[in-house]
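Here's the structure we're looking at; comments come further down.
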Amino acid sequence: MNLRQLEHLLAVAETGSFSRAAEQLHLTQSALSRSIRMLEDDLDARLIDRMGKRNELTPLGEAVATRARRLVFEAAELRRNAELLKKGNTGEIRVGLGSGPGAMLMTPFLIHIAQQHPEVRVHVARGSIEVQLLQLRQRTLDALVIDTRGLVPAPDLRIERVSEMRAGFVCRRGHPLLAAAKKKKGVSFDDVLRYPLASTPLVEEVTQILIQHFGPRANPQQAVSLRCEEIASLIETVRVSDAIFLGIVTAARSGLETGELVELVTTPPLLSGTRFAIVTLVGRTEAPSMALFREFVAERLHD
């Protein structure tokens, strides 16, 4: 029995097919079958029931696969440890960013690395939480920075809270609603709905908060007319139109500081925010260079 044979067993278990597993492993199907047979001979028991095109693990096969996953994971971590120790503080940072963190961190972090740490390679991925969690579990990403309100906790995930950030409404300077907001010390949600509302896709928890604050008309499925994952695009749209941004106020920090954008006060005020966290895999060895990213996130991701 060897580690390679266990990897072959896991590939068949995950794909349910010798042909697909062989393709994934870059082996011929006969070589894969021979490897599995040798493992079964070593254990003197059948591990896979071959039923035509269907291949299922036997009860013993399931037990072996469970232990094999741990062994294969630990072996991969040993190789990774050795590689990281040789690289020291150089190496690669591979992270996934949710829409909010992406708007506030991505460009500044790339500039920071290019200027201060040119020896470090950086890969930043964007996308839905579901896609990024898959990439994390496939080990093509080392960490995520996301809003945990859209995250279902799991035993293989380490969730480290970073910050809570306030949400609100932002519009351009000179927006027709600003005069009314100043006069009445706030505008109603009905006033807001007279203009295009721009937002990223919102999780169910946020939807319920909006409905509790402003009533059924605040359901984002009906209220939001401009929706995309990229906050920077939404904010640029708000800057040159009468659209109103709903989201993390700090994401519009640059425009707010220059005065091009203004936070729009509503009545009642929106008492909501985000809960950002760094998410990694339990047991996964972290590259030394990831300390640079953690430090940057702690410095930048706050109101």
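Chains: A, B, ... in order of the structure tokens. Residues: from 1 per chain. Ligands: from 1, in order shown.
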Legend entry - Nearby residues (only C-alpha atoms) at most 8 Å from A:Ala167, same-chain spacing under 6 positions excluded, as an MDAnalysis selection string: chainID A and resid 246:249 270:274
Would you mind exporting N, CA, C and O atoms of the selected residues as a PDB file, in the first residue's frame?
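Result file out_19.pdb:
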```pdb
ATOM      1  N   LEU A 246     -26.773  51.447  -2.183  1.00  0.00           N
ATOM      2  CA  LEU A 246     -27.107  50.828  -0.904  1.00  0.00           C
ATOM      3  C   LEU A 246     -26.025  49.804  -0.587  1.00  0.00           C
ATOM      4  O   LEU A 246     -25.856  48.821  -1.316  1.00  0.00           O
ATOM      5  N   GLY A 247     -25.286  50.031   0.473  1.00  0.00           N
ATOM      6  CA  GLY A 247     -24.223  49.096   0.828  1.00  0.00           C
ATOM      7  C   GLY A 247     -23.306  49.680   1.879  1.00  0.00           C
ATOM      8  O   GLY A 247     -23.688  50.572   2.642  1.00  0.00           O
ATOM      9  N   ILE A 248     -22.079  49.178   1.927  1.00  0.00           N
ATOM     10  CA  ILE A 248     -21.100  49.628   2.908  1.00  0.00           C
ATOM     11  C   ILE A 248     -20.712  51.068   2.597  1.00  0.00           C
ATOM     12  O   ILE A 248     -20.185  51.359   1.524  1.00  0.00           O
ATOM     13  N   VAL A 249     -20.943  51.957   3.527  1.00  0.00           N
ATOM     14  CA  VAL A 249     -20.662  53.373   3.292  1.00  0.00           C
ATOM     15  C   VAL A 249     -19.182  53.595   3.010  1.00  0.00           C
ATOM     16  O   VAL A 249     -18.804  54.365   2.123  1.00  0.00           O
ATOM     17  N   LEU A 270     -30.972  53.530   8.637  1.00  0.00           N
ATOM     18  CA  LEU A 270     -30.681  52.116   8.425  1.00  0.00           C
ATOM     19  C   LEU A 270     -29.672  51.658   9.470  1.00  0.00           C
ATOM     20  O   LEU A 270     -28.516  52.091   9.461  1.00  0.00           O
ATOM     21  N   LEU A 271     -30.091  50.813  10.385  1.00  0.00           N
ATOM     22  CA  LEU A 271     -29.209  50.307  11.450  1.00  0.00           C
ATOM     23  C   LEU A 271     -28.759  48.902  11.072  1.00  0.00           C
ATOM     24  O   LEU A 271     -29.288  47.900  11.539  1.00  0.00           O
ATOM     25  N   SER A 272     -27.799  48.855  10.191  1.00  0.00           N
ATOM     26  CA  SER A 272     -27.315  47.560   9.707  1.00  0.00           C
ATOM     27  C   SER A 272     -25.852  47.692   9.315  1.00  0.00           C
ATOM     28  O   SER A 272     -25.319  48.803   9.205  1.00  0.00           O
ATOM     29  N   GLY A 273     -25.204  46.569   9.124  1.00  0.00           N
ATOM     30  CA  GLY A 273     -23.805  46.584   8.725  1.00  0.00           C
ATOM     31  C   GLY A 273     -23.370  45.220   8.249  1.00  0.00           C
ATOM     32  O   GLY A 273     -24.177  44.299   8.099  1.00  0.00           O
ATOM     33  N   THR A 274     -22.088  45.095   7.996  1.00  0.00           N
ATOM     34  CA  THR A 274     -21.521  43.840   7.532  1.00  0.00           C
ATOM     35  C   THR A 274     -20.613  43.254   8.604  1.00  0.00           C
ATOM     36  O   THR A 274     -20.103  43.968   9.462  1.00  0.00           O
TER      37      THR A 274
END
```
Legend entry - Near-A:Asp142 list (7 Å; only C-alpha atoms; drop same-chain fewer than 3 positions) as an MDAnalysis selection string: chainID A and resid 94:95 136 139 280
Inset, instruction - May I have all residues of stretch 92-234 of chain A that DSSP, computed from the backbone, assigns to alpha helix (DSSP H), given as a PyMOL selection string? - result: chain A and resi 99-116+129-137+176-184+189-192+204-214+220-223+231-234
Write to file, as a short mmCIF file (atom, residue, chain, number, x, y, z; two decimals), in the first residue's frame, the residues of the selection just made, with C-alpha atoms.
```cif
data_model
loop_
_atom_site.label_atom_id
_atom_site.label_comp_id
_atom_site.auth_asym_id
_atom_site.auth_seq_id
_atom_site.Cartn_x
_atom_site.Cartn_y
_atom_site.Cartn_z
CA SER A 99 -17.75 42.41 -3.16
CA GLY A 100 -17.21 44.74 -0.18
CA PRO A 101 -13.62 43.72 0.61
CA GLY A 102 -12.86 43.73 -3.10
CA ALA A 103 -13.92 47.37 -3.42
CA MET A 104 -11.88 48.45 -0.41
CA LEU A 105 -8.83 46.18 -0.57
CA MET A 106 -8.03 44.90 -4.05
CA THR A 107 -6.45 47.89 -5.80
CA PRO A 108 -4.73 49.31 -2.67
CA PHE A 109 -3.29 45.87 -1.83
CA LEU A 110 -1.95 45.29 -5.35
CA ILE A 111 -0.30 48.72 -5.26
CA HIS A 112 1.12 48.02 -1.77
CA ILE A 113 2.68 44.70 -2.86
CA ALA A 114 4.06 46.15 -6.11
CA GLN A 115 5.69 49.05 -4.24
CA GLN A 116 6.76 47.43 -0.96
CA ILE A 129 -19.24 33.01 -1.93
CA GLU A 130 -20.18 29.59 -3.30
CA VAL A 131 -17.54 29.74 -6.05
CA GLN A 132 -14.86 31.07 -3.72
CA LEU A 133 -15.53 28.42 -1.07
CA LEU A 134 -15.12 25.77 -3.75
CA GLN A 135 -11.78 27.31 -4.77
CA LEU A 136 -10.69 27.42 -1.13
CA ARG A 137 -11.54 23.75 -0.63
CA PRO A 176 -32.39 66.05 -5.97
CA LEU A 177 -33.06 64.28 -2.64
CA LEU A 178 -30.31 66.04 -0.68
CA ALA A 179 -32.24 69.29 -0.25
CA ALA A 180 -35.29 67.40 1.05
CA ALA A 181 -33.10 65.30 3.35
CA LYS A 182 -31.54 68.41 4.85
CA LYS A 183 -34.88 70.12 5.30
CA LYS A 184 -36.65 67.11 6.84
CA PHE A 189 -37.56 54.89 1.67
CA ASP A 190 -40.40 55.77 -0.70
CA ASP A 191 -38.40 58.88 -1.64
CA VAL A 192 -35.35 56.70 -2.32
CA GLU A 204 -31.36 36.76 3.22
CA GLU A 205 -30.38 38.26 6.59
CA VAL A 206 -29.90 41.70 5.01
CA THR A 207 -33.17 41.35 3.13
CA GLN A 208 -35.01 40.75 6.40
CA ILE A 209 -33.30 43.74 8.06
CA LEU A 210 -34.34 46.04 5.20
CA ILE A 211 -37.94 44.79 5.36
CA GLN A 212 -38.04 45.27 9.14
CA HIS A 213 -36.72 48.84 8.79
CA PHE A 214 -38.70 50.03 5.79
CA PRO A 220 -34.22 43.97 -2.64
CA GLN A 221 -35.71 41.62 -5.23
CA GLN A 222 -38.12 44.40 -6.14
CA ALA A 223 -36.41 47.53 -4.81
CA ILE A 231 -19.12 47.80 -5.91
CA ALA A 232 -16.68 50.05 -7.78
CA SER A 233 -18.93 49.92 -10.87
CA LEU A 234 -22.03 50.69 -8.80
#
```
Using only C-alpha atoms, which protein or nucleic acid residues come within 10 Å of A:Ala11? Drop anything in the same chain fewer than 2 positions from it, and give the result as a PDB file with N, CA and C atoms, in the first residue's frame.
```
ATOM      1  N   GLN A   5      -1.579   4.971  -4.402  1.00  0.00           N
ATOM      2  CA  GLN A   5      -2.744   4.096  -4.546  1.00  0.00           C
ATOM      3  C   GLN A   5      -3.955   4.667  -3.819  1.00  0.00           C
ATOM      4  N   LEU A   6      -3.717   5.262  -2.661  1.00  0.00           N
ATOM      5  CA  LEU A   6      -4.826   5.879  -1.919  1.00  0.00           C
ATOM      6  C   LEU A   6      -5.389   7.074  -2.694  1.00  0.00           C
ATOM      7  N   GLU A   7      -4.519   7.844  -3.322  1.00  0.00           N
ATOM      8  CA  GLU A   7      -4.981   8.968  -4.149  1.00  0.00           C
ATOM      9  C   GLU A   7      -5.827   8.451  -5.312  1.00  0.00           C
ATOM     10  N   HIS A   8      -5.430   7.336  -5.872  1.00  0.00           N
ATOM     11  CA  HIS A   8      -6.192   6.750  -6.987  1.00  0.00           C
ATOM     12  C   HIS A   8      -7.576   6.300  -6.510  1.00  0.00           C
ATOM     13  N   LEU A   9      -7.631   5.689  -5.336  1.00  0.00           N
ATOM     14  CA  LEU A   9      -8.913   5.262  -4.781  1.00  0.00           C
ATOM     15  C   LEU A   9      -9.837   6.460  -4.570  1.00  0.00           C
ATOM     16  N   ALA A  13     -13.516   7.346  -6.130  1.00  0.00           N
ATOM     17  CA  ALA A  13     -14.624   7.596  -5.214  1.00  0.00           C
ATOM     18  C   ALA A  13     -15.299   8.925  -5.520  1.00  0.00           C
ATOM     19  N   GLU A  14     -14.507   9.949  -5.854  1.00  0.00           N
ATOM     20  CA  GLU A  14     -15.052  11.288  -6.083  1.00  0.00           C
ATOM     21  C   GLU A  14     -15.731  11.417  -7.439  1.00  0.00           C
ATOM     22  N   THR A  15     -15.201  10.726  -8.434  1.00  0.00           N
ATOM     23  CA  THR A  15     -15.779  10.843  -9.779  1.00  0.00           C
ATOM     24  C   THR A  15     -16.819   9.771 -10.061  1.00  0.00           C
ATOM     25  N   GLY A  16     -16.731   8.631  -9.325  1.00  0.00           N
ATOM     26  CA  GLY A  16     -17.640   7.519  -9.578  1.00  0.00           C
ATOM     27  C   GLY A  16     -17.369   6.812 -10.888  1.00  0.00           C
ATOM     28  N   SER A  17     -16.192   7.071 -11.459  1.00  0.00           N
ATOM     29  CA  SER A  17     -15.898   6.531 -12.789  1.00  0.00           C
ATOM     30  C   SER A  17     -14.396   6.306 -12.931  1.00  0.00           C
ATOM     31  N   PHE A  18     -14.014   5.111 -13.420  1.00  0.00           N
ATOM     32  CA  PHE A  18     -12.599   4.843 -13.680  1.00  0.00           C
ATOM     33  C   PHE A  18     -12.085   5.708 -14.820  1.00  0.00           C
ATOM     34  N   ARG A  20     -13.186   8.738 -15.881  1.00  0.00           N
ATOM     35  CA  ARG A  20     -13.037  10.148 -15.483  1.00  0.00           C
ATOM     36  C   ARG A  20     -11.888  10.305 -14.498  1.00  0.00           C
ATOM     37  N   ALA A  21     -11.748   9.353 -13.569  1.00  0.00           N
ATOM     38  CA  ALA A  21     -10.650   9.420 -12.603  1.00  0.00           C
ATOM     39  C   ALA A  21      -9.300   9.309 -13.313  1.00  0.00           C
ATOM     40  N   ALA A  22      -9.212   8.409 -14.280  1.00  0.00           N
ATOM     41  CA  ALA A  22      -7.965   8.247 -15.021  1.00  0.00           C
ATOM     42  C   ALA A  22      -7.611   9.524 -15.781  1.00  0.00           C
ATOM     43  N   GLU A  23      -8.627  10.155 -16.381  1.00  0.00           N
ATOM     44  CA  GLU A  23      -8.396  11.418 -17.090  1.00  0.00           C
ATOM     45  C   GLU A  23      -7.919  12.501 -16.130  1.00  0.00           C
ATOM     46  N   GLN A  24      -8.543  12.561 -14.965  1.00  0.00           N
ATOM     47  CA  GLN A  24      -8.179  13.560 -13.957  1.00  0.00           C
ATOM     48  C   GLN A  24      -6.750  13.354 -13.462  1.00  0.00           C
ATOM     49  N   LEU A  25      -6.344  12.087 -13.341  1.00  0.00           N
ATOM     50  CA  LEU A  25      -5.012  11.748 -12.829  1.00  0.00           C
ATOM     51  C   LEU A  25      -3.950  11.671 -13.925  1.00  0.00           C
ATOM     52  N   LEU A  32      -4.757   2.746 -13.919  1.00  0.00           N
ATOM     53  CA  LEU A  32      -5.538   3.062 -12.720  1.00  0.00           C
ATOM     54  C   LEU A  32      -6.170   1.787 -12.148  1.00  0.00           C
ATOM     55  N   ALA A  65     -11.341   5.084   2.412  1.00  0.00           N
ATOM     56  CA  ALA A  65     -11.342   6.422   1.802  1.00  0.00           C
ATOM     57  C   ALA A  65     -11.336   7.516   2.864  1.00  0.00           C
TER      58      ALA A  65
END
```
Legend entry - Selection near A:Ile93, 9 Å with only C-alpha atoms, sequence-local residues under 4 positions removed, as a ChimeraX atom specification: /A:120-124,141-143,287,289-290,292-293
Same residues, N, CA, C and O atoms, saved as a CSV table (one decimal), in the first residue's frame:
```
chain,number,residue,atom,x,y,z
A,120,VAL,N,6.9,39.2,-3.9
A,120,VAL,CA,5.8,38.4,-3.6
A,120,VAL,C,4.8,38.4,-4.8
A,120,VAL,O,4.5,39.4,-5.4
A,121,ARG,N,4.3,37.2,-5.1
A,121,ARG,CA,3.3,37.1,-6.2
A,121,ARG,C,1.9,37.1,-5.6
A,121,ARG,O,1.7,36.5,-4.5
A,122,VAL,N,1.0,37.8,-6.2
A,122,VAL,CA,-0.3,37.9,-5.7
A,122,VAL,C,-1.4,37.5,-6.7
A,122,VAL,O,-1.3,37.8,-7.9
A,123,HIS,N,-2.3,36.7,-6.3
A,123,HIS,CA,-3.5,36.3,-7.1
A,123,HIS,C,-4.7,36.6,-6.4
A,123,HIS,O,-4.9,36.1,-5.3
A,124,VAL,N,-5.6,37.5,-6.9
A,124,VAL,CA,-6.8,37.9,-6.3
A,124,VAL,C,-8.0,37.4,-7.1
A,124,VAL,O,-8.0,37.6,-8.3
A,141,LEU,N,-7.2,28.7,-3.7
A,141,LEU,CA,-7.1,29.9,-2.9
A,141,LEU,C,-6.7,29.5,-1.5
A,141,LEU,O,-7.0,28.4,-1.0
A,142,ASP,N,-5.9,30.4,-0.8
A,142,ASP,CA,-5.5,30.1,0.5
A,142,ASP,C,-6.3,30.8,1.6
A,142,ASP,O,-6.3,30.3,2.8
A,143,ALA,N,-7.1,31.8,1.2
A,143,ALA,CA,-7.9,32.5,2.2
A,143,ALA,C,-9.0,33.3,1.5
A,143,ALA,O,-8.8,33.7,0.3
A,287,ALA,N,1.1,30.3,4.2
A,287,ALA,CA,2.4,30.8,3.7
A,287,ALA,C,2.8,32.0,4.6
A,287,ALA,O,2.0,32.8,5.0
A,289,SER,N,4.1,34.7,3.7
A,289,SER,CA,3.8,36.0,3.1
A,289,SER,C,2.3,36.3,3.4
A,289,SER,O,2.0,37.5,3.2
A,290,MET,N,1.5,35.4,3.8
A,290,MET,CA,0.1,35.7,4.1
A,290,MET,C,0.0,36.7,5.3
A,290,MET,O,-1.0,37.4,5.5
A,292,LEU,N,1.6,39.4,5.5
A,292,LEU,CA,1.5,40.7,4.8
A,292,LEU,C,0.0,41.1,4.6
A,292,LEU,O,-0.4,42.2,4.8
A,293,PHE,N,-0.7,40.1,4.1
A,293,PHE,CA,-2.1,40.3,3.7
A,293,PHE,C,-3.0,40.5,5.0
A,293,PHE,O,-3.8,41.4,5.0
```
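For the set A:Leu301, A:Met1, A:Leu27, A:Ala218, the residue with the smallest atom-to-atom gap to A:Ile146 is A:Leu301, counting only C-alpha atoms.
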Inset, instruction - Using only C-alpha atoms, pick whichever of A:His302, A:Leu39, A:Leu144, A:Leu10 has the shortest atom-to-atom distance to A:Arg158. - result: A:Leu144
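Take atom CA of A:Thr267 and atom CA of A:Gly255: the distance between them is 23.3 Å.
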Residues within 12 Å of A:Ala75, please, as a PDB file with N, CA, C and O atoms, in the first residue's frame. Count only C-alpha atoms; anything in the same chain fewer than 3 positions from it doesn't count.
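The resulting file, part_24.pdb, is reproduced below:
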```pdb
ATOM      1  N   ASN A   2       0.545   2.223  -0.839  1.00  0.00           N
ATOM      2  CA  ASN A   2       1.283   3.482  -0.827  1.00  0.00           C
ATOM      3  C   ASN A   2       0.325   4.653  -1.040  1.00  0.00           C
ATOM      4  O   ASN A   2      -0.857   4.471  -1.358  1.00  0.00           O
ATOM      5  N   LEU A   3       0.858   5.851  -0.859  1.00  0.00           N
ATOM      6  CA  LEU A   3       0.034   7.060  -0.923  1.00  0.00           C
ATOM      7  C   LEU A   3      -0.590   7.247  -2.305  1.00  0.00           C
ATOM      8  O   LEU A   3      -1.742   7.671  -2.423  1.00  0.00           O
ATOM      9  N   ARG A   4       0.157   6.897  -3.338  1.00  0.00           N
ATOM     10  CA  ARG A   4      -0.362   7.059  -4.694  1.00  0.00           C
ATOM     11  C   ARG A   4      -1.596   6.189  -4.923  1.00  0.00           C
ATOM     12  O   ARG A   4      -2.581   6.632  -5.528  1.00  0.00           O
ATOM     13  N   LEU A   6      -3.717   5.262  -2.661  1.00  0.00           N
ATOM     14  CA  LEU A   6      -4.826   5.879  -1.919  1.00  0.00           C
ATOM     15  C   LEU A   6      -5.389   7.074  -2.694  1.00  0.00           C
ATOM     16  O   LEU A   6      -6.606   7.297  -2.718  1.00  0.00           O
ATOM     17  N   GLU A   7      -4.519   7.844  -3.322  1.00  0.00           N
ATOM     18  CA  GLU A   7      -4.981   8.968  -4.149  1.00  0.00           C
ATOM     19  C   GLU A   7      -5.827   8.451  -5.312  1.00  0.00           C
ATOM     20  O   GLU A   7      -6.833   9.077  -5.681  1.00  0.00           O
ATOM     21  N   ALA A  68      -7.916   7.653   4.118  1.00  0.00           N
ATOM     22  CA  ALA A  68      -7.034   8.075   3.027  1.00  0.00           C
ATOM     23  C   ALA A  68      -7.078   9.591   2.827  1.00  0.00           C
ATOM     24  O   ALA A  68      -6.046  10.209   2.542  1.00  0.00           O
ATOM     25  N   ARG A  69      -8.254  10.174   2.981  1.00  0.00           N
ATOM     26  CA  ARG A  69      -8.366  11.631   2.806  1.00  0.00           C
ATOM     27  C   ARG A  69      -7.468  12.354   3.805  1.00  0.00           C
ATOM     28  O   ARG A  69      -6.810  13.340   3.465  1.00  0.00           O
ATOM     29  N   ARG A  70      -7.452  11.875   5.053  1.00  0.00           N
ATOM     30  CA  ARG A  70      -6.598  12.506   6.068  1.00  0.00           C
ATOM     31  C   ARG A  70      -5.121  12.315   5.732  1.00  0.00           C
ATOM     32  O   ARG A  70      -4.324  13.239   5.848  1.00  0.00           O
ATOM     33  N   LEU A  71      -4.757  11.103   5.304  1.00  0.00           N
ATOM     34  CA  LEU A  71      -3.356  10.823   4.975  1.00  0.00           C
ATOM     35  C   LEU A  71      -2.883  11.654   3.785  1.00  0.00           C
ATOM     36  O   LEU A  71      -1.790  12.228   3.805  1.00  0.00           O
ATOM     37  N   VAL A  72      -3.720  11.733   2.755  1.00  0.00           N
ATOM     38  CA  VAL A  72      -3.358  12.507   1.556  1.00  0.00           C
ATOM     39  C   VAL A  72      -3.243  13.995   1.902  1.00  0.00           C
ATOM     40  O   VAL A  72      -2.326  14.687   1.442  1.00  0.00           O
ATOM     41  N   LEU A  78       2.769  18.369   4.384  1.00  0.00           N
ATOM     42  CA  LEU A  78       4.205  18.190   4.602  1.00  0.00           C
ATOM     43  C   LEU A  78       5.003  18.756   3.432  1.00  0.00           C
ATOM     44  O   LEU A  78       5.999  19.459   3.621  1.00  0.00           O
ATOM     45  N   ARG A  79       4.542  18.456   2.220  1.00  0.00           N
ATOM     46  CA  ARG A  79       5.225  18.990   1.043  1.00  0.00           C
ATOM     47  C   ARG A  79       5.134  20.511   1.017  1.00  0.00           C
ATOM     48  O   ARG A  79       6.100  21.207   0.681  1.00  0.00           O
ATOM     49  N   ARG A  80       3.957  21.030   1.380  1.00  0.00           N
ATOM     50  CA  ARG A  80       3.754  22.487   1.393  1.00  0.00           C
ATOM     51  C   ARG A  80       4.638  23.148   2.439  1.00  0.00           C
ATOM     52  O   ARG A  80       5.231  24.194   2.196  1.00  0.00           O
ATOM     53  N   ASN A  81       4.750  22.549   3.640  1.00  0.00           N
ATOM     54  CA  ASN A  81       5.608  23.098   4.689  1.00  0.00           C
ATOM     55  C   ASN A  81       7.045  23.227   4.207  1.00  0.00           C
ATOM     56  O   ASN A  81       7.710  24.244   4.424  1.00  0.00           O
ATOM     57  N   ALA A  82       7.527  22.155   3.561  1.00  0.00           N
ATOM     58  CA  ALA A  82       8.902  22.168   3.078  1.00  0.00           C
ATOM     59  C   ALA A  82       9.102  23.266   2.040  1.00  0.00           C
ATOM     60  O   ALA A  82      10.104  23.992   2.055  1.00  0.00           O
ATOM     61  N   GLY A 283      -6.430  23.237   9.421  1.00  0.00           N
ATOM     62  CA  GLY A 283      -5.312  22.338   9.160  1.00  0.00           C
ATOM     63  C   GLY A 283      -4.438  22.735   8.000  1.00  0.00           C
ATOM     64  O   GLY A 283      -3.421  22.103   7.739  1.00  0.00           O
ATOM     65  N   ARG A 284      -4.820  23.791   7.285  1.00  0.00           N
ATOM     66  CA  ARG A 284      -4.063  24.227   6.116  1.00  0.00           C
ATOM     67  C   ARG A 284      -2.873  25.068   6.550  1.00  0.00           C
ATOM     68  O   ARG A 284      -3.011  26.008   7.336  1.00  0.00           O
ATOM     69  N   THR A 285      -1.672  24.737   6.067  1.00  0.00           N
ATOM     70  CA  THR A 285      -0.471  25.495   6.401  1.00  0.00           C
ATOM     71  C   THR A 285      -0.492  26.839   5.685  1.00  0.00           C
ATOM     72  O   THR A 285      -0.734  26.896   4.479  1.00  0.00           O
TER      73      THR A 285
END
```
